[in-house]
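Just below is one structure, and these are the notes that go with it.
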There are 2 protein chains.
Amino acid sequence: MPVTMKEIADAAGVSKTTVSKIINGTDNHISEETKRRIRKLIEEMGYVPNSVARNLRSQRTGMIGFILPDITNPFFPMMARGIEDKAKMLGYGVVMCNTDDNAESELQQLNFLTSKMIDGIIFIRSLRESSMKRALQSKVPIVIADRDIKVASDGIGQVFVDTVGGIQLATNVLLNSGCRRIGFISAQQDIEENRFDGYRRALAKAQISFDEGWVYTDRYNVETGREGIKSIFRHGGADGIVCGNDLIAFGAIQELKDEGYQIPEEVKVIGFDNIYFSQYTEPPLTTIEQPAYEIGQCAAEMLIENILHGVPLGRKILNYRLVSRKSV
Amino acid sequence: MPVTMKEIADAAGVSKTTVSKIINGTDNHISEETKRRIRKLIEEMGYVPNSVARNLRSQRTGMIGFILPDITNPFFPMMARGIEDKAKMLGYGVVMCNTDDNAESELQQLNFLTSKMIDGIIFIRSLRESSMKRALQSKVPIVIADRDIKVASDGIGQVFVDTVGGIQLATNVLLNSGCRRIGFISAQQDIEENRFDGYRRALAKAQISFDEGWVYTDRYNVETGREGIKSIFRHGGADGIVCGNDLIAFGAIQELKDEGYQIPEEVKVIGFDNIYFSQYTEPPLTTIEQPAYEIGQCAAEMLIENILHGVPLGRKILNYRLVSRKSV
DNA sequence: GTGAAAGCGCTAACAA
DNA sequence: TTGTTAGCGCTTTCAC
């Protein structure tokens, strides 16, 4: 059994109250001598305050939850680091909960966290209104990260990147380097329509009427990239490809090379995210970077400042950034 | 303020005890009528047990800690998933703590977790004896994963892969495909000597006397792979390269290609881990797979079974596996 | 300067 | 079948 405050008090011949005051720094009225004596005992006996007992009084656990689709997706580890680093800096711990983008699982994780009396939640990439409603009911503060969800409700914080603008930039990069037949490969539009909008807008501004055959949507993975290229080249081909994320770009590059196209000479490819491996593809991938680490940090900071000091949850937009490499 | 058990009890005109029994299923001796009535109230009033209060009594939090170097390192997310999936299955949550392989940070994380009354810890990739000693003092059960550390102390569980055997196999694969001048690139030997042993042993069995110039050690990253190749080819070159992990292999492949070598025709390269991107290098990387997900699952299971049912912490060795692709 | 006592919300041994 | 009581370890009035 660990040493308790009472044991320290008994050993020192004082009351728990006195020890408590010293521990918590509310010791203005304690004599220096007593302080010294007790601090020494604390040291010697290896006393560590029991935080569960503290939590019971304070009604706070010093933990936040992090609900995300899958830490195995290479975009998320950086964000997780951003969250953890900032949280620890503010004295908080992080409980990780993967959902596999599955609504039922999101609910379970939400229930788990609220039952554990977590102080707040960072919620990533849920578009399910159902789970959001449930989340809103529980009184814990919530920050949504990484996606511009149409949640009117205030009381929910948001940190995200302007993906419409990002994809628009990506498309413009291709346009500016001479592409005129620009394909678009991404996830299903019903899951994510922002990115498609960015593509459409850029094309419209350049007065290029777009072609249905240039678009392919499925999931945010490598396979989708390969399939996208097959589909687009079945419909006449393209000289530039905007990809909804870097994994898709990887697949696109591979398929293109397998088919004997030179990148970037014959076809240019641009991605979105800038994950770790994008620098190591061949050719190295030109992409739009989302500041994953920073997203994590901002989300954690907003959440914890709210918990700790009642700072209202806001809406923060972070910048994307073009990372030019060799695929354009 | 959330509804408490007392409020339910008052509303029902019974004592807290009765409510508690019903909540916990120890209600053999409660009349069906009372049960129904109380369950109804619980439902209506939206009562959820306060788990912090429960924790204070039970001295358990239902949380385990996961201390790892860096979730951003592509080997760890899979392990993290293995841990979380298994933990959730057993009713546990996981608190993630990154250390950057930094001894001081390990201590901090350890202190953080023990002060939070976490029920157990999965500790990855620490070789620092200092932090291990500290960990041993705290009475929480600990499982070390992923490395065969020479910890004599029982009371600490271990789950790992036989890296000596794995690297030996890797070396043999190269040997069997005709290589005779086999280089070895890995992390510093003082950090990790097992892998080097595997390499040495395989060479010895094949009666190939090894050459100092074939070996380069630094860190488990891409840069080390590149530098390793430079160093080895400065010392006469090689026709096969055993890499301590896949990141190193990525760097080696790149440098080799930059220098105009054909892989695998002129130089063969084999990695270790089988991370997600190994299938996407060019050529796709032949490597020895460590079952990261399974390591995580085993560690979590061992730890939680110990916490819950006192099952003794053991020592579990998982199998590596050759994944043949195109770099050999 | 220091301490007694109440209570955070829950569980469990023991009575009734 | 149900209730009383005594804590789990800590903080915080309020009194001395």
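Chain labels A, B, ... are given in the sequence in which chains occur in the structure tokens; within each chain residues are numbered consecutively from 1, and ligands are likewise numbered from 1 in the order shown.
Residues from chain A that have an atom within 10 Å of chain D, counting only C-alpha atoms (C1' of nucleotides), are Thr4, Met5, Lys6, Lys16, Thr17, Ser20, Lys21, Asn24, Pro49, Asn50, Ser51, Val52, Ala53, Arg54, Asn55, Leu56, Arg57 and Ser58 of chain A.
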Interface, chain A side, toward chain B (8 Å; only C-alpha atoms) as a list in words: Val48, Pro49, Asn50, Ser51, Val52, Ala53, Asn55, Leu56, Asp70, Ile71, Thr72, Pro74, Pro77, Met78, Ala80, Arg81, Glu84, Gly93, Val94, Val95, Met96, Cys97, Asn98, Ser115, Lys116, Met117, Phe277 and Thr281 of chain A
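Using only C-alpha atoms (C1' of nucleotides), the nearest neighbour of chain C within the list A:Pro69, A:Gly25, A:Tyr220, A:Glu32 is A:Glu32.
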For a test of reading the model, state the distance in Å between atom CA of A:Ala252 and atom CA of A:Asp273, rounded to one decimal. 15.3 Å
Report as a PyMOL selection string the set of chain C residues whose atoms approach chain A to within 9 Å, with distances computed over only C-alpha atoms (C1' of nucleotides). chain C and resi 1-3+7-9
Could the residues in this selection be saved with N, CA and C atoms (P, O5', C5', C4', C3', O3' and C1' of nucleotides) as a PDB file, in the first residue's frame?
ATOM      1  P    DG C   1       3.169  32.734  12.380  1.00  0.00           P
ATOM      2  O5'  DG C   1       3.085  31.303  13.027  1.00  0.00           O
ATOM      3  C5'  DG C   1       2.405  30.386  12.303  1.00  0.00           C
ATOM      4  C4'  DG C   1       2.193  29.237  13.244  1.00  0.00           C
ATOM      5  C3'  DG C   1       2.085  27.929  12.493  1.00  0.00           C
ATOM      6  O3'  DG C   1       2.546  26.886  13.351  1.00  0.00           O
ATOM      7  C1'  DG C   1      -0.026  28.474  13.439  1.00  0.00           C
ATOM      8  P    DT C   2       2.555  25.400  12.835  1.00  0.00           P
ATOM      9  O5'  DT C   2       1.089  24.890  13.123  1.00  0.00           O
ATOM     10  C5'  DT C   2       0.777  24.465  14.453  1.00  0.00           C
ATOM     11  C4'  DT C   2      -0.651  24.011  14.513  1.00  0.00           C
ATOM     12  C3'  DT C   2      -0.976  22.754  13.710  1.00  0.00           C
ATOM     13  O3'  DT C   2      -1.107  21.699  14.643  1.00  0.00           O
ATOM     14  C1'  DT C   2      -2.712  24.377  13.652  1.00  0.00           C
ATOM     15  P    DG C   3      -1.533  20.258  14.152  1.00  0.00           P
ATOM     16  O5'  DG C   3      -3.106  20.339  14.347  1.00  0.00           O
ATOM     17  C5'  DG C   3      -3.615  20.611  15.639  1.00  0.00           C
ATOM     18  C4'  DG C   3      -5.128  20.503  15.627  1.00  0.00           C
ATOM     19  C3'  DG C   3      -5.679  19.199  15.028  1.00  0.00           C
ATOM     20  O3'  DG C   3      -6.802  18.836  15.808  1.00  0.00           O
ATOM     21  C1'  DG C   3      -6.554  21.024  13.839  1.00  0.00           C
ATOM     22  P    DG C   7     -21.656  17.450   5.906  1.00  0.00           P
ATOM     23  O5'  DG C   7     -20.965  17.056   4.535  1.00  0.00           O
ATOM     24  C5'  DG C   7     -20.291  18.072   3.783  1.00  0.00           C
ATOM     25  C4'  DG C   7     -19.488  17.392   2.716  1.00  0.00           C
ATOM     26  C3'  DG C   7     -20.192  16.186   2.078  1.00  0.00           C
ATOM     27  O3'  DG C   7     -20.026  16.269   0.688  1.00  0.00           O
ATOM     28  C1'  DG C   7     -18.046  15.594   2.720  1.00  0.00           C
ATOM     29  P    DC C   8     -21.148  15.780  -0.292  1.00  0.00           P
ATOM     30  O5'  DC C   8     -20.356  15.568  -1.649  1.00  0.00           O
ATOM     31  C5'  DC C   8     -19.540  16.586  -2.226  1.00  0.00           C
ATOM     32  C4'  DC C   8     -18.458  15.899  -3.018  1.00  0.00           C
ATOM     33  C3'  DC C   8     -18.914  14.565  -3.611  1.00  0.00           C
ATOM     34  O3'  DC C   8     -19.381  14.788  -4.945  1.00  0.00           O
ATOM     35  C1'  DC C   8     -16.721  14.403  -2.593  1.00  0.00           C
ATOM     36  P    DG C   9     -20.896  14.464  -5.329  1.00  0.00           P
ATOM     37  O5'  DG C   9     -20.863  12.881  -5.503  1.00  0.00           O
ATOM     38  C5'  DG C   9     -20.081  12.315  -6.545  1.00  0.00           C
ATOM     39  C4'  DG C   9     -19.977  10.834  -6.309  1.00  0.00           C
ATOM     40  C3'  DG C   9     -21.319  10.111  -6.174  1.00  0.00           C
ATOM     41  O3'  DG C   9     -21.340   9.099  -7.162  1.00  0.00           O
ATOM     42  C1'  DG C   9     -19.829   9.470  -4.450  1.00  0.00           C
TER      43       DG C   9
END
Within stretch 21-250 of chain B, find each residue whose DSSP state, derived from the backbone, is strand (DSSP E or B), and express the selection as a PyMOL selection string. chain B and resi 63-68+93-98+120-124+142-145+156-161+182-187+215-218+240-243
Contact residues around stretch 223-226 of chain B with only C-alpha atoms (C1' of nucleotides) at 8 Å, ignoring same-chain residues under 3 positions, as a PyMOL selection string: chain B and resi 185-186+217-220+229-230+243+247-255
Selected residues written out with C-alpha atoms, as a PDB file, in the first residue's frame:
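Heads up, here's the output in out04.pdb:
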ATOM      1  CA  ILE B 185      23.388  -1.094 -41.112  1.00  0.00           C
ATOM      2  CA  SER B 186      21.575  -0.563 -37.842  1.00  0.00           C
ATOM      3  CA  THR B 217      25.564   1.866 -36.995  1.00  0.00           C
ATOM      4  CA  ASP B 218      23.834   5.042 -35.962  1.00  0.00           C
ATOM      5  CA  ARG B 219      20.089   5.445 -35.514  1.00  0.00           C
ATOM      6  CA  TYR B 220      16.914   3.745 -36.698  1.00  0.00           C
ATOM      7  CA  ILE B 229      25.684   2.806 -47.817  1.00  0.00           C
ATOM      8  CA  LYS B 230      28.177   5.618 -48.307  1.00  0.00           C
ATOM      9  CA  CYS B 243      19.184  -3.366 -42.370  1.00  0.00           C
ATOM     10  CA  LEU B 247      13.484   2.971 -42.374  1.00  0.00           C
ATOM     11  CA  ILE B 248      17.179   2.236 -42.694  1.00  0.00           C
ATOM     12  CA  ALA B 249      16.416   0.031 -45.661  1.00  0.00           C
ATOM     13  CA  PHE B 250      14.527   2.891 -47.335  1.00  0.00           C
ATOM     14  CA  GLY B 251      17.568   5.102 -47.023  1.00  0.00           C
ATOM     15  CA  ALA B 252      19.873   2.365 -48.248  1.00  0.00           C
ATOM     16  CA  ILE B 253      17.749   1.721 -51.315  1.00  0.00           C
ATOM     17  CA  GLN B 254      17.652   5.380 -52.197  1.00  0.00           C
ATOM     18  CA  GLU B 255      21.346   5.929 -51.838  1.00  0.00           C
TER      19      GLU B 255
END
Nearby residues (only C-alpha atoms (C1' of nucleotides)) at most 8 Å from A:Ile182, same-chain spacing under 2 positions excluded, as a list in words: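 Here the qualifying residues turn out to be Thr171, Leu174, Cys179, Arg180, Phe184, Trp214, Ala238, Asp239, Gly240, Ile241 and Val242 of chain A.
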Please extract the residues of stretch 35-110 of chain A with a backbone DSSP assignment of helix (DSSP H, G or I) and present them as a ChimeraX atom specification. /A:35-45,51-58,76-89,103-110
